[in-house]
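Engineer: Just passing along the structure, written as structure tokens.
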Amino acid sequence: MIRFGAPVFTDPIKKTGGAGESHGSSATDPVALARAVKKKGYRAAYAPQVDVNDRAAVRAVRDAFAEEDIMIAEVGYWQNLVDTDTAARDRNRDTMTDALRLADELGAQCAVNIFGSYCRGNGNSRHVGMNFSDDAFDEAVSMARSFIDAVRPRRASFCYEMFPFDITDSPENIERLIEAVDRPLFGVHLDLVNLINCPRAYFRSGDIIRDCVRRFGGRIVSAHAKDIRMKEPSISVILEEVMAGTGGLDIAAYLHALSELPHDVPLMLEHLASEAEYDTAAAHYRSVAMQEGISL
């Protein structure tokens, strides 16, 4: 069953989480936050921003969301795990470990990050060929094992989000990672838009999501909801995220594939600029779900 969710706005001037930024709201009042999620009709939420060492605050968040039957989808940490600056890389990996520990304490589905990029600083938008190398694959395996083995989570998975600029750019590579990492709590974070990296993929997104579900099944722990459009007319390939319903993603196939999984999976909207935009995107996803007879 799908549990639909999105960022919520308890503060009318709050900035939303963009690419590579936290989607979570402040946890200063977790009861109010959980109720705001439920008021929007959502059944899943991004983990609020809370210090893993503040046990009382962590417990308050966990209890508040459980009271409203809101699944905490993910703790997102979006700093470069393969930063070429050694001090920054070590700091980022330590914080990623804390993010997985927080996810487990909150009862979240997963802690998630992209693999990163072999550069200094931002690994979300600086891309190099080494990101696709055998060494990168081996490092992804080693890192995943180190995070999971350090935390020994009880339920939260560690995940690399699918991303077109590194070794997680295809279902085949993700399946290879699952086999190589060889840890039950190495999970799959589905972002269908991030697997659309060429015209062939753009026109067969339904086939891609069905392939992902066949390959990964119960490993799928969280997913992102958005849309993508290929620029036309254009000789070069230009793909961009757009408002749900204005692109070419096969949203119906996405919803059907996730709804057929035997466990609850959060499907989370992201990367929009305002509460109004999230409301518009949510309305589109819900209208498709209703047409297809799928419960969100």
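Ordered as shown in the structure tokens, chains take letters A, B, and onward, while each chain numbers its residues from 1 and ligands are numbered from 1 in the order shown.
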What are the nearest atom pairs, with distances in Å to one decimal, for all residues of segment 91-115 of chain A that come at most 12 Å from segment 190-208 of chain A, using only C-alpha atoms, set out by chain and rising residue number as a Markdown table?

Structural biologist:
| residue | atom | partner | partner_atom | distance |
| --- | --- | --- | --- | --- |
| A:Cys110 | CA | A:Leu190 | CA | 11.8 |
| A:Val112 | CA | A:Leu190 | CA | 10.7 |
| A:Ile114 | CA | A:Asn194 | CA | 11.0 |

Engineer: What residues in segment 93-188 of chain A get the DSSP label strand (DSSP E or B)? Please answer as number ranges by chain.

Structural biologist: A: 110-113, 157-161, 186, 188

Engineer: Can you list every residue of segment 48-145 of chain A that has an atom at most 8 Å from segment 167-172 of chain A, with its nearest atom pair and the distance in Å to one decimal, using only C-alpha atoms, ordered by chain then number, as a tab-separated table?

Structural biologist:
residue	atom	partner	partner_atom	distance
A:Phe115	CA	A:Thr168	CA	7.8
A:Asn131	CA	A:Ile167	CA	6.3
A:Phe132	CA	A:Ile167	CA	5.0
A:Ser133	CA	A:Ile167	CA	7.6
A:Ala136	CA	A:Ile167	CA	7.1
A:Phe137	CA	A:Ile167	CA	6.3

Engineer: Output the selection as a PDB file, in the first residue's frame - C-alpha atoms for each residue.

Structural biologist:
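Once everything was written out, this is selection_21.pdb:
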ATOM      1  CA  PHE A 115      26.556   8.405  -3.573  1.00  0.00           C
ATOM      2  CA  ASN A 131      31.557   8.438 -10.550  1.00  0.00           C
ATOM      3  CA  PHE A 132      30.867   5.534 -12.944  1.00  0.00           C
ATOM      4  CA  SER A 133      34.116   3.631 -12.352  1.00  0.00           C
ATOM      5  CA  ALA A 136      33.272   4.059  -7.325  1.00  0.00           C
ATOM      6  CA  PHE A 137      31.187   0.899  -7.208  1.00  0.00           C
TER       7      PHE A 137
END

Engineer: In terms of the shortest atom-to-atom distance over only C-alpha atoms, which of A:Gly217, A:Pro30, A:Gly187, A:Gly24 is closest to Tyr160 of chain A?

Structural biologist: A:Gly187

Engineer: Set the distance at 12 Å and use only C-alpha atoms: which residues neighbour Leu261 of chain A once local chain neighbours fewer than 6 positions away are removed? I'd like the list as a PyMOL selection string.

Structural biologist: chain A and resi 1-3+210+212-222+254-255

Engineer: Please write the residues from the selection above to a file, keeping all heavy atoms, as a compact mmCIF listing (two decimals), in the first residue's frame.

Structural biologist:
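Below is the file that was written, result_10.txt:
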# COMPACT_ATOMS: atom_id res chain seq x y z
N MET A 1 0.84 -1.20 0.00
CA MET A 1 0.00 0.00 0.00
C MET A 1 0.88 1.25 0.00
O MET A 1 1.91 1.29 0.67
CB MET A 1 -0.91 0.01 1.23
CG MET A 1 -1.86 1.19 1.29
SD MET A 1 -2.95 1.13 2.72
CE MET A 1 -3.92 -0.33 2.32
N ILE A 2 0.46 2.25 -0.75
CA ILE A 2 1.20 3.51 -0.82
C ILE A 2 0.76 4.43 0.32
O ILE A 2 -0.43 4.56 0.60
CB ILE A 2 0.95 4.22 -2.17
CG1 ILE A 2 1.45 3.35 -3.32
CG2 ILE A 2 1.64 5.58 -2.19
CD1 ILE A 2 1.07 3.88 -4.69
N ARG A 3 1.73 5.05 0.96
CA ARG A 3 1.47 6.11 1.93
C ARG A 3 2.03 7.40 1.35
O ARG A 3 3.24 7.60 1.29
CB ARG A 3 2.12 5.79 3.28
CG ARG A 3 1.35 4.75 4.09
CD ARG A 3 2.06 4.47 5.41
NE ARG A 3 1.22 3.70 6.31
CZ ARG A 3 0.54 4.21 7.34
NH1 ARG A 3 0.59 5.52 7.57
NH2 ARG A 3 -0.18 3.44 8.12
N ARG A 210 8.23 -0.98 -13.51
CA ARG A 210 7.84 -2.39 -13.35
C ARG A 210 9.07 -3.28 -13.20
O ARG A 210 9.07 -4.23 -12.40
CB ARG A 210 6.97 -2.82 -14.53
CG ARG A 210 5.55 -2.24 -14.47
CD ARG A 210 4.66 -2.81 -15.57
NE ARG A 210 5.01 -2.26 -16.88
CZ ARG A 210 4.44 -1.18 -17.42
NH1 ARG A 210 3.51 -0.50 -16.74
NH2 ARG A 210 4.80 -0.76 -18.62
N CYS A 212 11.91 -2.30 -11.87
CA CYS A 212 12.43 -2.05 -10.53
C CYS A 212 11.69 -2.89 -9.49
O CYS A 212 12.32 -3.50 -8.60
CB CYS A 212 12.29 -0.57 -10.17
SG CYS A 212 13.48 0.51 -10.99
N VAL A 213 10.38 -2.93 -9.59
CA VAL A 213 9.60 -3.71 -8.62
C VAL A 213 9.91 -5.18 -8.75
O VAL A 213 10.01 -5.91 -7.74
CB VAL A 213 8.10 -3.40 -8.78
CG1 VAL A 213 7.25 -4.40 -8.00
CG2 VAL A 213 7.80 -1.97 -8.32
N ARG A 214 10.08 -5.67 -9.96
CA ARG A 214 10.44 -7.09 -10.14
C ARG A 214 11.80 -7.39 -9.52
O ARG A 214 12.00 -8.43 -8.90
CB ARG A 214 10.47 -7.44 -11.63
CG ARG A 214 9.11 -7.68 -12.27
CD ARG A 214 9.25 -8.36 -13.62
NE ARG A 214 10.01 -7.53 -14.56
CZ ARG A 214 9.46 -6.65 -15.39
NH1 ARG A 214 8.15 -6.46 -15.38
NH2 ARG A 214 10.22 -5.97 -16.23
N ARG A 215 12.74 -6.49 -9.68
CA ARG A 215 14.10 -6.73 -9.21
C ARG A 215 14.23 -6.58 -7.69
O ARG A 215 14.93 -7.35 -7.04
CB ARG A 215 15.08 -5.76 -9.88
CG ARG A 215 15.35 -6.02 -11.35
CD ARG A 215 16.25 -4.93 -11.90
NE ARG A 215 16.44 -5.04 -13.34
CZ ARG A 215 17.42 -5.71 -13.93
NH1 ARG A 215 18.31 -6.35 -13.19
NH2 ARG A 215 17.52 -5.74 -15.25
N PHE A 216 13.56 -5.55 -7.14
CA PHE A 216 13.85 -5.14 -5.77
C PHE A 216 12.79 -5.53 -4.76
O PHE A 216 13.09 -5.77 -3.59
CB PHE A 216 14.08 -3.63 -5.70
CG PHE A 216 15.02 -3.10 -6.74
CD1 PHE A 216 14.73 -1.92 -7.42
CD2 PHE A 216 16.19 -3.78 -7.06
CE1 PHE A 216 15.60 -1.42 -8.37
CE2 PHE A 216 17.06 -3.29 -8.02
CZ PHE A 216 16.76 -2.10 -8.68
N GLY A 217 11.52 -5.57 -5.18
CA GLY A 217 10.44 -6.02 -4.31
C GLY A 217 10.49 -5.45 -2.92
O GLY A 217 10.40 -4.25 -2.70
N GLY A 218 10.66 -6.34 -1.94
CA GLY A 218 10.63 -5.95 -0.54
C GLY A 218 11.77 -5.06 -0.09
O GLY A 218 11.74 -4.53 1.03
N ARG A 219 12.79 -4.87 -0.92
CA ARG A 219 13.88 -3.96 -0.59
C ARG A 219 13.47 -2.49 -0.72
O ARG A 219 14.15 -1.60 -0.21
CB ARG A 219 15.08 -4.21 -1.50
CG ARG A 219 15.77 -5.53 -1.29
CD ARG A 219 16.87 -5.42 -0.26
NE ARG A 219 17.62 -6.67 -0.15
CZ ARG A 219 18.77 -6.77 0.48
NH1 ARG A 219 19.33 -5.73 1.06
NH2 ARG A 219 19.38 -7.95 0.55
N ILE A 220 12.39 -2.23 -1.42
CA ILE A 220 11.97 -0.84 -1.66
C ILE A 220 11.37 -0.28 -0.37
O ILE A 220 10.39 -0.80 0.14
CB ILE A 220 10.95 -0.77 -2.80
CG1 ILE A 220 11.58 -1.28 -4.11
CG2 ILE A 220 10.43 0.67 -2.98
CD1 ILE A 220 10.58 -1.53 -5.23
N VAL A 221 11.97 0.78 0.14
CA VAL A 221 11.55 1.31 1.44
C VAL A 221 10.99 2.72 1.38
O VAL A 221 10.28 3.15 2.29
CB VAL A 221 12.70 1.25 2.46
CG1 VAL A 221 13.05 -0.19 2.80
CG2 VAL A 221 13.93 2.01 1.97
N SER A 222 11.28 3.46 0.34
CA SER A 222 10.74 4.82 0.20
C SER A 222 10.84 5.23 -1.26
O SER A 222 11.61 4.63 -2.02
CB SER A 222 11.50 5.81 1.10
OG SER A 222 10.84 7.06 1.20
N TYR A 254 3.63 4.09 -12.28
CA TYR A 254 4.38 4.26 -11.03
C TYR A 254 3.51 3.87 -9.84
O TYR A 254 3.91 3.08 -8.98
CB TYR A 254 4.82 5.71 -10.93
CG TYR A 254 5.93 6.02 -9.96
CD1 TYR A 254 6.77 5.04 -9.43
CD2 TYR A 254 6.19 7.34 -9.58
CE1 TYR A 254 7.80 5.35 -8.56
CE2 TYR A 254 7.22 7.67 -8.71
CZ TYR A 254 8.02 6.67 -8.21
OH TYR A 254 9.05 6.98 -7.34
N LEU A 255 2.30 4.40 -9.81
CA LEU A 255 1.39 4.12 -8.70
C LEU A 255 0.97 2.66 -8.67
O LEU A 255 0.91 2.04 -7.60
CB LEU A 255 0.16 5.03 -8.79
CG LEU A 255 0.42 6.53 -8.62
CD1 LEU A 255 -0.86 7.32 -8.83
CD2 LEU A 255 1.00 6.84 -7.24

Engineer: Can you pull out the residues contacting Gly293 of chain A? Cut-off 12 Å, using only C-alpha atoms, and skip same-chain residues under 2 positions away; I want them as a ChimeraX atom specification.

Structural biologist: /A:252,255-256,259,286-291,295-296

Engineer: Quick one: pull the distance between atom CA of Val181 of chain A and atom CA of Val141 of chain A, Å, one decimal.

Structural biologist: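 Separation of atom CA of Val181 of chain A and atom CA of Val141 of chain A: 5.2 Å.
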
Engineer: Which residues are close to segment 264-279 of chain A, i.e. within 10 Å by only C-alpha atoms, leaving aside same-chain residues fewer than 5 positions away? Reply as a VMD selection string.

Structural biologist: chain A and resid 1 to 9 12 to 21 23 40 42 to 46 70 to 74 109 190 to 191 218 220 to 227 241 to 244 255 258 to 259 284 to 285 296

Engineer: Could you find all residues in segment 92-250 of chain A that DSSP calls helix (DSSP H, G or I) from the backbone, and write them as a PyMOL selection string?

Structural biologist: chain A and resi 92-106+129-132+134-151+171-181+192-195+199-202+205-219

Engineer: Residues near Asp94 of chain A, anyone? I mean within 12 Å using only C-alpha atoms, not counting same-chain ones fewer than 3 positions away, as a list in words.

Structural biologist: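 Residues meeting the cut-off are Tyr77, Gln79, Asn80, Leu81, Ala87, Ala88, Arg89, Asp90, Arg91, Thr97, Asp98, Ala99, Leu100, Arg101, Met143, Ser146, Phe147, Ala150 and Val151 of chain A.
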
Engineer: Can I get the residues of segment 162-273 of chain A within 10 Å of segment 116-121 of chain A, each with the closest pair of atoms and their distance in Å to one decimal, using only C-alpha atoms, sorted chain first then ascending number, as a Markdown table?

Structural biologist:
| residue | atom | partner | partner_atom | distance |
| --- | --- | --- | --- | --- |
| A:Phe163 | CA | A:Gly116 | CA | 9.4 |
| A:Phe165 | CA | A:Ser117 | CA | 8.2 |
| A:Asp166 | CA | A:Ser117 | CA | 7.5 |
| A:Ile167 | CA | A:Gly116 | CA | 9.8 |

Engineer: Tell me which protein, DNA and RNA residues are within 9 Å of segment 59-63 of chain A, counting only C-alpha atoms, leaving out same-chain ones fewer than 5 positions away, and put them as a compact mmCIF listing (two decimals) with C-alpha atoms, in the first residue's frame.

Structural biologist:
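Below you can see around.txt, which holds the result:
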# COMPACT_ATOMS: atom_id res chain seq x y z
CA ALA A 27 10.68 19.55 15.41
CA ASP A 29 6.42 21.14 18.19
CA PRO A 30 6.22 17.57 16.88
CA VAL A 31 2.57 17.19 17.86
CA ALA A 34 2.24 15.52 12.88
CA ALA A 47 11.66 13.10 9.26
CA PRO A 48 11.71 16.40 11.15
CA VAL A 50 16.03 16.76 15.37
CA ASP A 54 18.40 14.56 22.24
CA GLU A 68 -1.48 10.23 14.08
CA ILE A 72 8.22 8.63 8.80
CA GLU A 105 15.51 5.75 16.59
CA LEU A 106 12.61 7.57 14.92
CA GLY A 107 11.25 4.38 13.38
CA ALA A 108 11.79 5.85 9.90

Engineer: Could you state the separation of atom CA of Gly76 of chain A and atom CA of Asn113 of chain A in Å, given to one decimal place?

Structural biologist: 6.1 Å
